[in-house]
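This report refers to the structure that appears directly beneath it.
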Amino acid sequence: MEQHRAVVVGAGIGGLTAAVALRAHGWDVTVLERAADLAPVGAGIGLAPNALRALDVIGLGTPVRALAAWQGDGGMRRPDGRWLARTDARAAAARFGDPLVLLHRATLVGLLTAALPDGTVRTATPAALAHPGDASQPARVTTPDGEIDAELVVAADGIRSATRAALFPAHPGPRYSGYTTWRTVIPAPERPFAPHETWGPGRLWGSQPLKDGRVYAYAMAAAPEGAHAPDGEKAALERLFGSWHHPVPAILAATEESAVLRHDVHHLIDPLPAFHHGRTALLGDAAHAMQPTLGQGGNQAIEDAIVLAHHIGAGRPVPAALAAYTADRLPRTTALVRKAARTGRLALLSARPAVALRDAAVTAVSRFGPGLVLRGFDGIADWRPPTDARPNTGRPEGSPAAGPTGDPAASPTHSRPA
């Protein structure tokens, strides 16, 4: 029997998850990646319980859970070190049924690529959508090696998605949020610390442990679009955060300039009319880029991939399956994009009276225990994939969905992704 063919544009986390999930439903999948290789890039990514349950569908939830590093207390602090709110790993797991897992982005990419056969991912292969396809003809992409026809094209080509622009040319595209971010991964400082996110006037900092003993640190601040520090980003971080509580100065002292990543935060605050057209679907940042203040960017890309494969695998014509995918995903992600923007405005308040009022409100809520603090993630972290999403493959839980022989190898507050 002839296999259905899908082309995934982009080998990020969402694209790779979609490839694994589609293969589990029996599709022949090719992933086209513009970069020359899949060398480790980025920093940390926080996987909340919703993403872990999505990864269960393709047999990767168990190996990811094994990477959980957060075991005790954590929470939110002020720059002087005073705790505004405490959260607890056990309370989070009890409320949402799973831990919060923070890992290096490259680790997750490795797990996903190990679940794909050799040759599935074609690097150094930029792709452009030539035709989105329709009920009577396939979609088509062009590459330097020629054209590829496919029954399904999945565009996971990021916030600057050329596919999105081709499908919806009237959409305004991503807008600058007013904030920039810095991220780094370094060896853990000698003096221990509790995982935390610290909110100050117009800026925030997070320090989160990884399972391998390193620390994922991130920062966010209001800044003009496109700005860069003339004396280096490490120097900029020292000016903004060097006087903050432990372990911030120790982390900055151990950070190499070359290890600091800085990116302006853009988001799709204007929702798309749909996440598909014809036989072409958008997922992840290409569909709904959001501010990192909920830690849900990568999580929602994983959800997208599993829900997309679920509808594609249900046996409906591809255009009808993609309409169902849009109906499932557009309302949820639109609400999260807006909530992330509201959280960003709250976290980065700069006027002292507003900051004092915010801190007092967070402290008051925290007095009722971690359950009330965690309630902000109700409707997000408690998401579950469709009940019949898991392909009937007979694989045990925790095993790869498909691939070559070989074994594939959170923040207490927002688990901010890279």
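Each chain in the structure tokens gets a letter, A, B and so on, in the order shown; residues start at 1 in every chain, and ligands are counted from 1 in the order they appear.
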List the neighbours of stretch 124-132 of chain A out to 6 Å using only C-alpha atoms; skip same-chain residues closer than 2 positions along the sequence, and give me the result as a ChimeraX atom specification. /A:32-36,139-143,278-280
Okay, now the selection with all heavy atoms, as a tab-separated table (two decimals), in the first residue's frame?
```tsv
chain	number	residue	atom	x	y	z
A	32	LEU	N	12.75	19.33	6.04
A	32	LEU	CA	13.68	20.20	5.33
A	32	LEU	C	14.12	21.32	6.27
A	32	LEU	O	13.29	22.08	6.77
A	32	LEU	CB	13.00	20.79	4.08
A	32	LEU	CG	12.39	19.78	3.10
A	32	LEU	CD1	11.70	20.50	1.96
A	32	LEU	CD2	13.45	18.83	2.58
A	33	GLU	N	15.43	21.41	6.50
A	33	GLU	CA	15.98	22.38	7.43
A	33	GLU	C	16.99	23.27	6.72
A	33	GLU	O	17.91	22.79	6.06
A	33	GLU	CB	16.64	21.66	8.61
A	33	GLU	CG	17.48	22.55	9.52
A	33	GLU	CD	16.71	23.73	10.10
A	33	GLU	OE1	15.54	23.53	10.51
A	33	GLU	OE2	17.27	24.85	10.11
A	34	ARG	N	16.82	24.57	6.87
A	34	ARG	CA	17.69	25.54	6.22
A	34	ARG	C	19.12	25.49	6.76
A	34	ARG	O	20.08	25.64	6.00
A	34	ARG	CB	17.12	26.95	6.40
A	34	ARG	CG	17.97	28.07	5.83
A	34	ARG	CD	17.32	29.41	6.12
A	34	ARG	NE	16.02	29.52	5.49
A	34	ARG	CZ	15.84	29.94	4.24
A	34	ARG	NH1	16.88	30.29	3.49
A	34	ARG	NH2	14.63	30.01	3.73
A	35	ALA	N	19.28	25.29	8.06
A	35	ALA	CA	20.62	25.31	8.67
A	35	ALA	C	21.48	24.17	8.14
A	35	ALA	O	20.98	23.12	7.70
A	35	ALA	CB	20.51	25.21	10.19
A	36	ALA	N	22.79	24.38	8.22
A	36	ALA	CA	23.72	23.39	7.67
A	36	ALA	C	23.75	22.11	8.48
A	36	ALA	O	24.12	21.05	7.97
A	36	ALA	CB	25.12	23.99	7.59
A	139	ALA	N	0.16	19.66	-2.39
A	139	ALA	CA	0.96	20.86	-2.11
A	139	ALA	C	2.33	20.67	-2.74
A	139	ALA	O	2.77	19.55	-3.02
A	139	ALA	CB	1.08	21.08	-0.61
A	140	ARG	N	3.04	21.80	-2.93
A	140	ARG	CA	4.36	21.71	-3.57
A	140	ARG	C	5.31	22.68	-2.91
A	140	ARG	O	4.95	23.84	-2.65
A	140	ARG	CB	4.26	22.02	-5.06
A	140	ARG	CG	5.59	21.97	-5.81
A	140	ARG	CD	5.42	22.20	-7.30
A	140	ARG	NE	4.60	21.16	-7.90
A	140	ARG	CZ	3.40	21.37	-8.46
A	140	ARG	NH1	2.90	22.60	-8.50
A	140	ARG	NH2	2.72	20.37	-8.98
A	141	VAL	N	6.51	22.22	-2.62
A	141	VAL	CA	7.58	23.08	-2.12
A	141	VAL	C	8.75	23.01	-3.08
A	141	VAL	O	8.98	21.99	-3.76
A	141	VAL	CB	8.03	22.68	-0.70
A	141	VAL	CG1	6.90	22.84	0.29
A	141	VAL	CG2	8.58	21.27	-0.66
A	142	THR	N	9.49	24.10	-3.13
A	142	THR	CA	10.69	24.13	-3.96
A	142	THR	C	11.92	24.14	-3.06
A	142	THR	O	11.93	24.76	-2.00
A	142	THR	CB	10.70	25.38	-4.86
A	142	THR	OG1	10.66	26.55	-4.04
A	142	THR	CG2	9.50	25.38	-5.80
A	143	THR	N	12.96	23.43	-3.51
A	143	THR	CA	14.23	23.37	-2.80
A	143	THR	C	15.34	23.55	-3.82
A	143	THR	O	15.09	23.50	-5.03
A	143	THR	CB	14.40	22.01	-2.09
A	143	THR	OG1	14.75	21.02	-3.06
A	143	THR	CG2	13.15	21.61	-1.34
A	278	GLY	N	-5.60	24.95	2.33
A	278	GLY	CA	-5.41	23.82	1.44
A	278	GLY	C	-4.85	22.62	2.17
A	278	GLY	O	-5.43	22.14	3.15
A	279	ARG	N	-3.67	22.18	1.73
A	279	ARG	CA	-2.99	21.04	2.35
A	279	ARG	C	-1.77	21.47	3.17
A	279	ARG	O	-0.89	20.65	3.45
A	279	ARG	CB	-2.55	20.04	1.27
A	279	ARG	CG	-3.71	19.37	0.55
A	279	ARG	CD	-3.22	18.46	-0.58
A	279	ARG	NE	-4.33	17.74	-1.17
A	279	ARG	CZ	-4.78	16.56	-0.74
A	279	ARG	NH1	-4.17	15.97	0.29
A	279	ARG	NH2	-5.79	15.96	-1.33
A	280	THR	N	-1.72	22.73	3.54
A	280	THR	CA	-0.57	23.28	4.26
A	280	THR	C	-1.01	23.76	5.64
A	280	THR	O	-2.00	24.48	5.76
A	280	THR	CB	0.05	24.44	3.47
A	280	THR	OG1	0.44	23.98	2.17
A	280	THR	CG2	1.28	24.99	4.19
```
Which of stretch 340-386 of chain A DSSP labels helix (DSSP H, G or I), written as number ranges by chain: A: 340-347, 352-366, 370-377
Hey, what's within 9 Å of stretch 385-388 of chain A if we count only C-alpha atoms and toss same-chain stuff fewer than 5 positions away? As a list in words, please? Asn50, Arg53, Ala54, Val57, Glu303, Ile306, Val307 and His310 of chain A
Convert the current residue selection to file output with N, CA and C atoms, as a PDB file, in the first residue's frame.
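Contents of out-v6.pdb, freshly written:
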```pdb
ATOM      1  N   ASN A  50       1.483  19.661  30.368  1.00  0.00           N
ATOM      2  CA  ASN A  50       0.742  19.530  29.111  1.00  0.00           C
ATOM      3  C   ASN A  50       1.629  19.014  27.992  1.00  0.00           C
ATOM      4  N   ARG A  53       2.502  15.219  28.564  1.00  0.00           N
ATOM      5  CA  ARG A  53       1.440  14.309  28.141  1.00  0.00           C
ATOM      6  C   ARG A  53       1.361  14.225  26.624  1.00  0.00           C
ATOM      7  N   ALA A  54       1.654  15.324  25.941  1.00  0.00           N
ATOM      8  CA  ALA A  54       1.703  15.272  24.480  1.00  0.00           C
ATOM      9  C   ALA A  54       2.829  14.357  24.010  1.00  0.00           C
ATOM     10  N   VAL A  57       2.292  10.581  23.788  1.00  0.00           N
ATOM     11  CA  VAL A  57       1.632  10.032  22.611  1.00  0.00           C
ATOM     12  C   VAL A  57       2.643   9.400  21.658  1.00  0.00           C
ATOM     13  N   GLU A 303       2.188  20.552  21.515  1.00  0.00           N
ATOM     14  CA  GLU A 303       0.746  20.284  21.461  1.00  0.00           C
ATOM     15  C   GLU A 303       0.244  20.336  20.016  1.00  0.00           C
ATOM     16  N   ILE A 306       1.095  17.156  17.994  1.00  0.00           N
ATOM     17  CA  ILE A 306       0.346  15.960  18.358  1.00  0.00           C
ATOM     18  C   ILE A 306      -1.101  16.058  17.892  1.00  0.00           C
ATOM     19  N   VAL A 307      -1.717  17.228  18.057  1.00  0.00           N
ATOM     20  CA  VAL A 307      -3.099  17.408  17.616  1.00  0.00           C
ATOM     21  C   VAL A 307      -3.195  17.340  16.096  1.00  0.00           C
ATOM     22  N   HIS A 310      -2.948  13.765  15.074  1.00  0.00           N
ATOM     23  CA  HIS A 310      -4.192  13.091  15.465  1.00  0.00           C
ATOM     24  C   HIS A 310      -5.261  13.278  14.390  1.00  0.00           C
TER      25      HIS A 310
END
```
Using only C-alpha atoms, determine which residues lie at most 12 Å from stretch 311-318 of chain A, disregarding the query and same-chain residues fewer than 3 positions distant; provide the list as a ChimeraX atom specification. /A:4-6,18,21-27,132-139,150-154,276-281,304-308,321-329,385-386,388-392
Please extract the residues of stretch 9-232 of chain A with a backbone DSSP assignment of strand (DSSP E or B) and present them as a PyMOL selection string. chain A and resi 9+28-32+44-47+73-77+83-88+101-104+121-122+128-131+139-143+146-150+152-155+175-187+196-200+203-209+214-222
Correct to one decimal, the distance atom CA of A:His246-atom CA of A:Arg78 is 11.3 Å
Out of A:Leu282, A:Ile269, A:Ala188, A:Leu348, which residue has the shortest atom-to-atom distance to A:Val248 when counting only C-alpha atoms? A:Ala188
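Proximity to A:Met290 was assessed for A:Ser177, A:Thr113, A:Ser366, A:Thr255 counting only C-alpha atoms; the smallest distance is recorded for A:Ser177.
Atom CA of A:Leu272 to atom CA of A:His171 spans 7.0 Å [interatomic distance, one decimal].
Relative to atom CA of A:Ile302, atom CA of A:Ala106 is found at 15.2 Å.
Proximity ranking of A:Thr334, A:Gln291, A:Ser350, A:Thr198 relative to A:His267 places A:Gln291 first, based on only C-alpha atoms.
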Go through A:Gly10, A:Pro201, A:Gly110, A:Gly97 one by one, measure the shortest atom-to-atom distance of each to A:Pro353 using only C-alpha atoms, and give the residue with the smallest value. A:Pro201
